[in-house]
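A.B. asks: Below is one structure. I have some questions about it.
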Amino acid sequence: MKLGLGLYRHMLTRENFQFARQAGATHIVAHLVDYFKDAPIAKPDQPLDADLGWGAAGDPNQLWTLNELQSLRREVNDAGLELEAIENFDPAHWHDVLLDGPKKRQQFENLKTIIRRVGQAGIPIFGYNFSIAGVCGRTKAPVARGEAVAVGMDRTCDAPMPRGMAWNMVYDPQAEAGNEPPVANETLWLRVEEFLNELIPVAEEAGVTLAAHPDDPPMATMRGQPRLVYQPDLYQRLIDLRSSPANALEFCIGTLSEMATGDVYEATDRYSRQGKLAYVHLRNVHGKVPNYRETFIDDGDVDIVRVLKILKRNEYRGVIIPDHTPQMTCDAPWHAGMAYALGYIRGALQAIEAN
Ligand SMILES: [Mn+2]
């Protein structure tokens with residue numbers, strides 16, 4: 001198993017690559033979507049939202065270029081690390097794939113172009129989250145150990161999603177007034193099936209594995225919109241929609257533990273045994289939707305060492321990243337939190353691998 005660090009777009013710097021190496025990581029997972037473009041505060045740790053979401057989506061006419069991807073990989077390699085994955089499409093490039101809107105055909109071509117370029121740049125995995133409302137409805141409070149500020153959920157989120165929004169970002173600020181009408185859960189499954197049928201053959205040819213993140217928070221609906229993977233069993237349905245090594249999972253332990261049903265250890269065993277884990281998000285939480293909070297890695301409901309032992313037993317050899325952590329009280333709250341999680345995971349891996 002390999003230790004990695006996930007970095008948001010504004011954090012893709014030489015200094016942060018060095019930080020990752022110093023903490024024992026060998027791999028980087030990079031976000032290219034700029035969640036923080038309109039952020040009221042400079043460089044927050046992870047996007048939180050009011051009803052209006054994280055902010056503006058990117059430029060619909062500007063896909064990430066091959067040159068941009070190659071340069072990023074070169075910078076990561078120059079720092080002595082590997083670029084394992086790009087995480088998330090920009091809603092500007094695929095909102096009508098999620099919403100089944102008029103630009104769907106054109107946007108499928110966007111996604112195929114991106115996957116081909118990612119393959120050409122030698123980046124093996126692309127993580128995605130097939131979600132209409134996206135990661136929304138979470139709050140932040142000093143509720144982790146030692147009053148560390150952490151993200152959580154304390155109530156359901158039913159505020160309807162305005163038109164012009166998808167995946168918790170605004171792709172059309174000029175959209176007509178009103179809300180995006182809710183669709184049936186089975187309609188969403190038809191959409192993801194079409195997505196897989198369009199994208200998986202391209203991913204196979206490009207040598208890229210598509211990796212699905214479960215819905216975070218894993219509620220059956222958010223903002224009145226259905227969710228896809230909000231119970232561990234639903235991951236199986238997604239895998240079975242299209243059988244391919246390129247149809248895999250961005251396996252998020254924290255989200256699985258937040259789920260109202262199922263068992264995180266059973267799910268880890270089931271999907272790692274099938275060889276379906278493209279990479280792992282490893283974080284800890286306390287509680288379940290709609291009442292949970294993220295915790296330090298050694299302090300939540302999940303026995304992290306037990307999870308790692310299951311992964312080892314099933315011969316998982318991929319990358320593990322800390323996902324999110326509470327903010328530590330110091331001049332570098334994000335970095336301190338990540339260094340703590342990376343050190344913990346590295347120590348646990350060394351102890352497990354030695355046996
Ligand atoms: Mn995650």
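Ordering of the structure tokens sets the chain letters (A, B, ...); residue numbers start at 1 within each chain; ligands are numbered from 1 in the order shown.
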Please find the residues contacting ligand 1 at a distance of at most 9 Å between atoms, with only C-alpha atoms and all ligand atoms counted, and report them as a PyMOL selection string.
C.D. replies: chain A and resi 213-216+250-255+280-283+322-324
A.B. asks: I need the residues from that last selection saved to file as a PDB file, in the first residue's frame (with C-alpha atoms), if you can.
C.D. replies:
ATOM      1  CA  HIS A 213     -16.654   8.523  -4.965  1.00  0.00           C
ATOM      2  CA  PRO A 214     -19.796   7.747  -2.960  1.00  0.00           C
ATOM      3  CA  ASP A 215     -22.233  10.557  -2.159  1.00  0.00           C
ATOM      4  CA  ASP A 216     -20.991  12.806   0.618  1.00  0.00           C
ATOM      5  CA  GLU A 250     -12.633   6.036  -5.160  1.00  0.00           C
ATOM      6  CA  PHE A 251     -13.217   4.223  -1.909  1.00  0.00           C
ATOM      7  CA  CYS A 252     -14.030   6.693   0.877  1.00  0.00           C
ATOM      8  CA  ILE A 253     -13.906   5.102   4.343  1.00  0.00           C
ATOM      9  CA  GLY A 254     -15.274   8.219   6.062  1.00  0.00           C
ATOM     10  CA  THR A 255     -18.296   8.439   3.784  1.00  0.00           C
ATOM     11  CA  VAL A 280      -8.674   5.036  -0.916  1.00  0.00           C
ATOM     12  CA  HIS A 281      -9.810   8.124   1.020  1.00  0.00           C
ATOM     13  CA  LEU A 282      -8.997   7.325   4.629  1.00  0.00           C
ATOM     14  CA  ARG A 283     -10.525   9.512   7.323  1.00  0.00           C
ATOM     15  CA  PRO A 322      -6.035  11.107   4.290  1.00  0.00           C
ATOM     16  CA  ASP A 323      -9.041  12.811   2.563  1.00  0.00           C
ATOM     17  CA  HIS A 324      -9.889  15.559   5.122  1.00  0.00           C
TER      18      HIS A 324
END
A.B. asks: So that I can see what lies close to Leu196 in chain A, please list as a ChimeraX atom specification the residues with an atom at most 9 Å from it, counting only C-alpha atoms and leaving out residues fewer than 6 positions away in the same chain.
C.D. replies: /A:241-242,247
A.B. asks: May I have the residues within 10 Å of Ile28 in chain A as JSON, numbers by chain, using only C-alpha atoms and disregarding those fewer than 3 positions away in the same chain?
C.D. replies: {"A": [3, 4, 5, 6, 7, 12, 17, 20, 21, 25, 31, 73, 76, 77, 81, 82, 83, 84, 85, 86, 319, 320, 321]}
A.B. asks: Taking N, CA and C atoms for each residue, export the selection above as an mmCIF file, in the first residue's frame.
C.D. replies:
data_model
loop_
_atom_site.group_PDB
_atom_site.id
_atom_site.type_symbol
_atom_site.label_atom_id
_atom_site.label_comp_id
_atom_site.auth_asym_id
_atom_site.auth_seq_id
_atom_site.Cartn_x
_atom_site.Cartn_y
_atom_site.Cartn_z
ATOM 1 N N LEU A 3 1.298 5.558 0.328
ATOM 2 C CA LEU A 3 0.733 6.718 1.004
ATOM 3 C C LEU A 3 0.733 7.921 0.058
ATOM 4 N N GLY A 4 -0.394 8.591 -0.023
ATOM 5 C CA GLY A 4 -0.494 9.760 -0.902
ATOM 6 C C GLY A 4 -1.080 10.952 -0.167
ATOM 7 N N LEU A 5 -1.038 12.094 -0.848
ATOM 8 C CA LEU A 5 -1.653 13.311 -0.304
ATOM 9 C C LEU A 5 -2.508 13.942 -1.395
ATOM 10 N N GLY A 6 -3.718 14.322 -1.035
ATOM 11 C CA GLY A 6 -4.601 15.038 -1.957
ATOM 12 C C GLY A 6 -4.392 16.534 -1.806
ATOM 13 N N LEU A 7 -4.270 17.228 -2.945
ATOM 14 C CA LEU A 7 -4.057 18.678 -2.904
ATOM 15 C C LEU A 7 -5.084 19.391 -3.771
ATOM 16 N N LEU A 12 -1.265 23.158 -5.403
ATOM 17 C CA LEU A 12 -0.357 22.370 -6.258
ATOM 18 C C LEU A 12 0.943 23.143 -6.468
ATOM 19 N N PHE A 17 4.435 19.833 -2.485
ATOM 20 C CA PHE A 17 4.976 18.529 -2.901
ATOM 21 C C PHE A 17 6.095 18.119 -1.936
ATOM 22 N N ALA A 20 4.600 16.896 1.255
ATOM 23 C CA ALA A 20 4.093 15.527 1.118
ATOM 24 C C ALA A 20 5.227 14.519 1.278
ATOM 25 N N ARG A 21 6.335 14.782 0.606
ATOM 26 C CA ARG A 21 7.485 13.861 0.707
ATOM 27 C C ARG A 21 8.001 13.810 2.129
ATOM 28 N N ALA A 25 4.810 10.625 2.157
ATOM 29 C CA ALA A 25 3.961 10.273 1.013
ATOM 30 C C ALA A 25 4.821 10.042 -0.225
ATOM 31 N N HIS A 31 -6.542 17.941 -7.385
ATOM 32 C CA HIS A 31 -7.820 18.526 -7.800
ATOM 33 C C HIS A 31 -7.510 19.663 -8.777
ATOM 34 N N ARG A 73 2.319 16.796 -14.009
ATOM 35 C CA ARG A 73 2.965 15.509 -13.703
ATOM 36 C C ARG A 73 4.482 15.699 -13.581
ATOM 37 N N VAL A 76 5.332 17.243 -10.242
ATOM 38 C CA VAL A 76 5.191 16.253 -9.164
ATOM 39 C C VAL A 76 6.373 15.288 -9.195
ATOM 40 N N ASN A 77 6.720 14.818 -10.397
ATOM 41 C CA ASN A 77 7.856 13.888 -10.543
ATOM 42 C C ASN A 77 9.163 14.546 -10.117
ATOM 43 N N LEU A 81 7.874 12.519 -6.508
ATOM 44 C CA LEU A 81 6.574 11.890 -6.238
ATOM 45 C C LEU A 81 5.934 11.426 -7.548
ATOM 46 N N GLU A 82 4.906 10.590 -7.420
ATOM 47 C CA GLU A 82 4.118 10.166 -8.575
ATOM 48 C C GLU A 82 2.747 10.841 -8.527
ATOM 49 N N LEU A 83 2.235 11.172 -9.719
ATOM 50 C CA LEU A 83 0.874 11.727 -9.805
ATOM 51 C C LEU A 83 -0.083 10.570 -10.061
ATOM 52 N N GLU A 84 -0.827 10.172 -9.041
ATOM 53 C CA GLU A 84 -1.652 8.967 -9.115
ATOM 54 C C GLU A 84 -3.010 9.216 -9.756
ATOM 55 N N ALA A 85 -3.591 10.388 -9.472
ATOM 56 C CA ALA A 85 -4.965 10.614 -9.933
ATOM 57 C C ALA A 85 -5.279 12.102 -10.033
ATOM 58 N N ILE A 86 -6.204 12.402 -10.929
ATOM 59 C CA ILE A 86 -6.890 13.696 -10.927
ATOM 60 C C ILE A 86 -8.254 13.426 -10.310
ATOM 61 N N VAL A 319 -3.032 3.443 -3.666
ATOM 62 C CA VAL A 319 -2.694 4.621 -2.863
ATOM 63 C C VAL A 319 -3.789 4.896 -1.832
ATOM 64 N N ILE A 320 -3.356 5.338 -0.661
ATOM 65 C CA ILE A 320 -4.266 5.758 0.410
ATOM 66 C C ILE A 320 -3.962 7.229 0.706
ATOM 67 N N ILE A 321 -4.983 8.086 0.675
ATOM 68 C CA ILE A 321 -4.778 9.494 1.063
ATOM 69 C C ILE A 321 -5.659 9.809 2.271
#
A.B. asks: Could you tell me how far CA of Glu205 in chain A lies from CA of Leu188 in chain A, in Å and to one decimal?
C.D. replies: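 Interatomic distance here is 26.0 Å.
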A.B. asks: Where in range 32-240 of chain A does DSSP assign helix (DSSP H, G or I), given as a PyMOL selection string?
C.D. replies: chain A and resi 66-78+91-99+104-120+145-147+185-206+232-240
A.B. asks: Where does DSSP see strand (DSSP E) in range 43-282 of chain A, if you list the residues as a ChimeraX atom specification?
C.D. replies: /A:82-87,125-128,139-144,148-153,165-166,169-170,209-212,221-222,225-226,247-252,277-281
A.B. asks: Selection from above, C-alpha atoms, as a PDB file, in the first residue's frame, can you write it?
C.D. replies:
ATOM      1  CA  GLU A  82       4.118  10.166  -8.575  1.00  0.00           C
ATOM      2  CA  LEU A  83       0.874  11.727  -9.805  1.00  0.00           C
ATOM      3  CA  GLU A  84      -1.652   8.967  -9.115  1.00  0.00           C
ATOM      4  CA  ALA A  85      -4.965  10.614  -9.933  1.00  0.00           C
ATOM      5  CA  ILE A  86      -6.890  13.696 -10.927  1.00  0.00           C
ATOM      6  CA  GLU A  87      -9.960  14.083  -8.716  1.00  0.00           C
ATOM      7  CA  ILE A 125      -6.719   7.268 -12.416  1.00  0.00           C
ATOM      8  CA  PHE A 126      -9.529   9.808 -12.705  1.00  0.00           C
ATOM      9  CA  GLY A 127     -11.783  10.177  -9.649  1.00  0.00           C
ATOM     10  CA  TYR A 128     -15.333  11.417 -10.131  1.00  0.00           C
ATOM     11  CA  THR A 139     -21.217  22.814   8.550  1.00  0.00           C
ATOM     12  CA  LYS A 140     -18.024  23.520  10.418  1.00  0.00           C
ATOM     13  CA  ALA A 141     -17.569  23.791  14.183  1.00  0.00           C
ATOM     14  CA  PRO A 142     -14.936  23.243  16.903  1.00  0.00           C
ATOM     15  CA  VAL A 143     -16.200  19.732  17.643  1.00  0.00           C
ATOM     16  CA  ALA A 144     -13.148  17.517  17.130  1.00  0.00           C
ATOM     17  CA  ALA A 148     -10.344  21.420  16.677  1.00  0.00           C
ATOM     18  CA  VAL A 149     -12.542  22.807  13.917  1.00  0.00           C
ATOM     19  CA  ALA A 150     -14.065  19.986  11.880  1.00  0.00           C
ATOM     20  CA  VAL A 151     -16.688  19.487   9.207  1.00  0.00           C
ATOM     21  CA  GLY A 152     -19.951  17.723   9.893  1.00  0.00           C
ATOM     22  CA  MET A 153     -23.652  17.596   9.365  1.00  0.00           C
ATOM     23  CA  MET A 165     -26.379  24.985 -10.274  1.00  0.00           C
ATOM     24  CA  ALA A 166     -25.004  21.465 -10.349  1.00  0.00           C
ATOM     25  CA  MET A 169     -21.329  25.023  -8.013  1.00  0.00           C
ATOM     26  CA  VAL A 170     -22.922  27.657 -10.246  1.00  0.00           C
ATOM     27  CA  THR A 209      -9.286   3.904 -14.444  1.00  0.00           C
ATOM     28  CA  LEU A 210     -12.465   5.806 -13.568  1.00  0.00           C
ATOM     29  CA  ALA A 211     -12.978   5.856  -9.804  1.00  0.00           C
ATOM     30  CA  ALA A 212     -16.367   6.688  -8.276  1.00  0.00           C
ATOM     31  CA  THR A 221     -31.696  12.874  -1.162  1.00  0.00           C
ATOM     32  CA  MET A 222     -30.024  16.258  -0.741  1.00  0.00           C
ATOM     33  CA  GLN A 225     -32.315  15.622  -5.579  1.00  0.00           C
ATOM     34  CA  PRO A 226     -31.655  11.880  -5.514  1.00  0.00           C
ATOM     35  CA  ASN A 247     -14.991   0.909 -13.787  1.00  0.00           C
ATOM     36  CA  ALA A 248     -13.680   1.197 -10.230  1.00  0.00           C
ATOM     37  CA  LEU A 249     -14.066   3.025  -6.932  1.00  0.00           C
ATOM     38  CA  GLU A 250     -12.633   6.036  -5.160  1.00  0.00           C
ATOM     39  CA  PHE A 251     -13.217   4.223  -1.909  1.00  0.00           C
ATOM     40  CA  CYS A 252     -14.030   6.693   0.877  1.00  0.00           C
ATOM     41  CA  LEU A 277     -10.469  -0.044  -5.228  1.00  0.00           C
ATOM     42  CA  ALA A 278      -8.692   2.448  -7.498  1.00  0.00           C
ATOM     43  CA  TYR A 279      -7.590   4.483  -4.492  1.00  0.00           C
ATOM     44  CA  VAL A 280      -8.674   5.036  -0.916  1.00  0.00           C
ATOM     45  CA  HIS A 281      -9.810   8.124   1.020  1.00  0.00           C
TER      46      HIS A 281
END
A.B. asks: Could you state the separation of CA of Leu234 in chain A and CA of Ile200 in chain A in Å, given to one decimal place?
C.D. replies: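 Going from CA of Leu234 in chain A over to CA of Ile200 in chain A, I get 18.7 Å.
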A.B. asks: Can you work out which one of A:Cys330, A:Leu111, A:Ala175, A:Ala133 has the shortest atom-to-atom distance to Ala159 in chain A, counting only C-alpha atoms?
C.D. replies: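 Ranked by minimum distance to Ala159 in chain A, first place goes to A:Ala133.
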A.B. asks: Nearest residue to Asn314 in chain A out of A:Gly207, A:Gly347, A:Pro326, A:Gly275, using only C-alpha atoms?
C.D. replies: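 Distance minimum relative to Asn314 in chain A lands on A:Gly275.
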A.B. asks: Tell me, as a PyMOL selection string, which residues lie within 8 Å of Lys288 in chain A, counting only C-alpha atoms; anything in the same chain fewer than 5 positions away does not count.
C.D. replies: chain A and resi 257-260
A.B. asks: Using only C-alpha atoms, pick whichever of A:Glu198, A:Glu68, A:Asp240, A:Glu204 has the shortest atom-to-atom distance to Arg117 in chain A.
C.D. replies: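 Checking each of A:Glu198, A:Glu68, A:Asp240, A:Glu204 against Arg117 in chain A, counting only C-alpha atoms, the winner is A:Glu68.
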A.B. asks: What's the separation between CA of Met219 in chain A and CA of Phe89 in chain A, in Å to one decimal place?
C.D. replies: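 Going from CA of Met219 in chain A over to CA of Phe89 in chain A, I get 21.5 Å.
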A.B. asks: Counting only C-alpha atoms, what is within 10 Å of Thr329 in chain A, bar same-chain residues fewer than 4 positions away, as number ranges by chain?
C.D. replies: A: 146-149, 333-334, 336-337
A.B. asks: Hey, can you spit out that residue selection with C-alpha atoms as a PDB file, in the first residue's frame?
C.D. replies:
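What ended up in out-v3.pdb:
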ATOM      1  CA  GLY A 146      -9.288  19.630  21.720  1.00  0.00           C
ATOM      2  CA  GLU A 147     -11.915  21.854  20.085  1.00  0.00           C
ATOM      3  CA  ALA A 148     -10.344  21.420  16.677  1.00  0.00           C
ATOM      4  CA  VAL A 149     -12.542  22.807  13.917  1.00  0.00           C
ATOM      5  CA  PRO A 333      -3.973  24.342  10.516  1.00  0.00           C
ATOM      6  CA  TRP A 334      -4.423  22.313   7.311  1.00  0.00           C
ATOM      7  CA  ALA A 336      -0.619  20.221  10.741  1.00  0.00           C
ATOM      8  CA  GLY A 337      -3.813  18.183  10.420  1.00  0.00           C
TER       9      GLY A 337
END
A.B. asks: Nearest to Gly262 in chain A: which of A:Ala92, A:Pro245, A:Pro218, A:Pro290 is it, counting only C-alpha atoms?
C.D. replies: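 Going through A:Ala92, A:Pro245, A:Pro218, A:Pro290 one by one, the smallest distance to Gly262 in chain A is for A:Pro218.
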A.B. asks: Fewer than 2 positions away in the same chain doesn't count, so skip those; otherwise give me all residues within 7 Å of range 97-104 of chain A, counting only C-alpha atoms, as a PDB file with N, CA and C atoms, in the first residue's frame.
C.D. replies:
ATOM      1  N   TRP A  94     -19.546  19.304 -17.390  1.00  0.00           N
ATOM      2  CA  TRP A  94     -20.432  18.124 -17.470  1.00  0.00           C
ATOM      3  C   TRP A  94     -21.782  18.310 -16.766  1.00  0.00           C
ATOM      4  N   HIS A  95     -22.205  19.573 -16.526  1.00  0.00           N
ATOM      5  CA  HIS A  95     -23.476  19.758 -15.795  1.00  0.00           C
ATOM      6  C   HIS A  95     -24.649  19.108 -16.502  1.00  0.00           C
ATOM      7  N   GLN A 106     -22.499  17.187 -26.291  1.00  0.00           N
ATOM      8  CA  GLN A 106     -21.260  17.969 -26.354  1.00  0.00           C
ATOM      9  C   GLN A 106     -20.410  17.755 -25.101  1.00  0.00           C
ATOM     10  N   GLN A 107     -21.075  17.658 -23.960  1.00  0.00           N
ATOM     11  CA  GLN A 107     -20.323  17.516 -22.712  1.00  0.00           C
ATOM     12  C   GLN A 107     -19.776  16.103 -22.524  1.00  0.00           C
ATOM     13  N   PHE A 108     -20.427  15.102 -23.101  1.00  0.00           N
ATOM     14  CA  PHE A 108     -19.796  13.779 -23.118  1.00  0.00           C
ATOM     15  C   PHE A 108     -18.470  13.853 -23.874  1.00  0.00           C
ATOM     16  N   PHE A 130     -20.502  11.232  -9.313  1.00  0.00           N
ATOM     17  CA  PHE A 130     -21.693  11.429 -10.150  1.00  0.00           C
ATOM     18  C   PHE A 130     -22.857  11.853  -9.256  1.00  0.00           C
ATOM     19  N   SER A 131     -22.988  13.162  -9.082  1.00  0.00           N
ATOM     20  CA  SER A 131     -23.931  13.683  -8.096  1.00  0.00           C
ATOM     21  C   SER A 131     -24.554  14.979  -8.586  1.00  0.00           C
ATOM     22  N   ILE A 132     -25.857  15.094  -8.497  1.00  0.00           N
ATOM     23  CA  ILE A 132     -26.535  16.323  -8.939  1.00  0.00           C
ATOM     24  C   ILE A 132     -26.270  17.458  -7.953  1.00  0.00           C
TER      25      ILE A 132
END
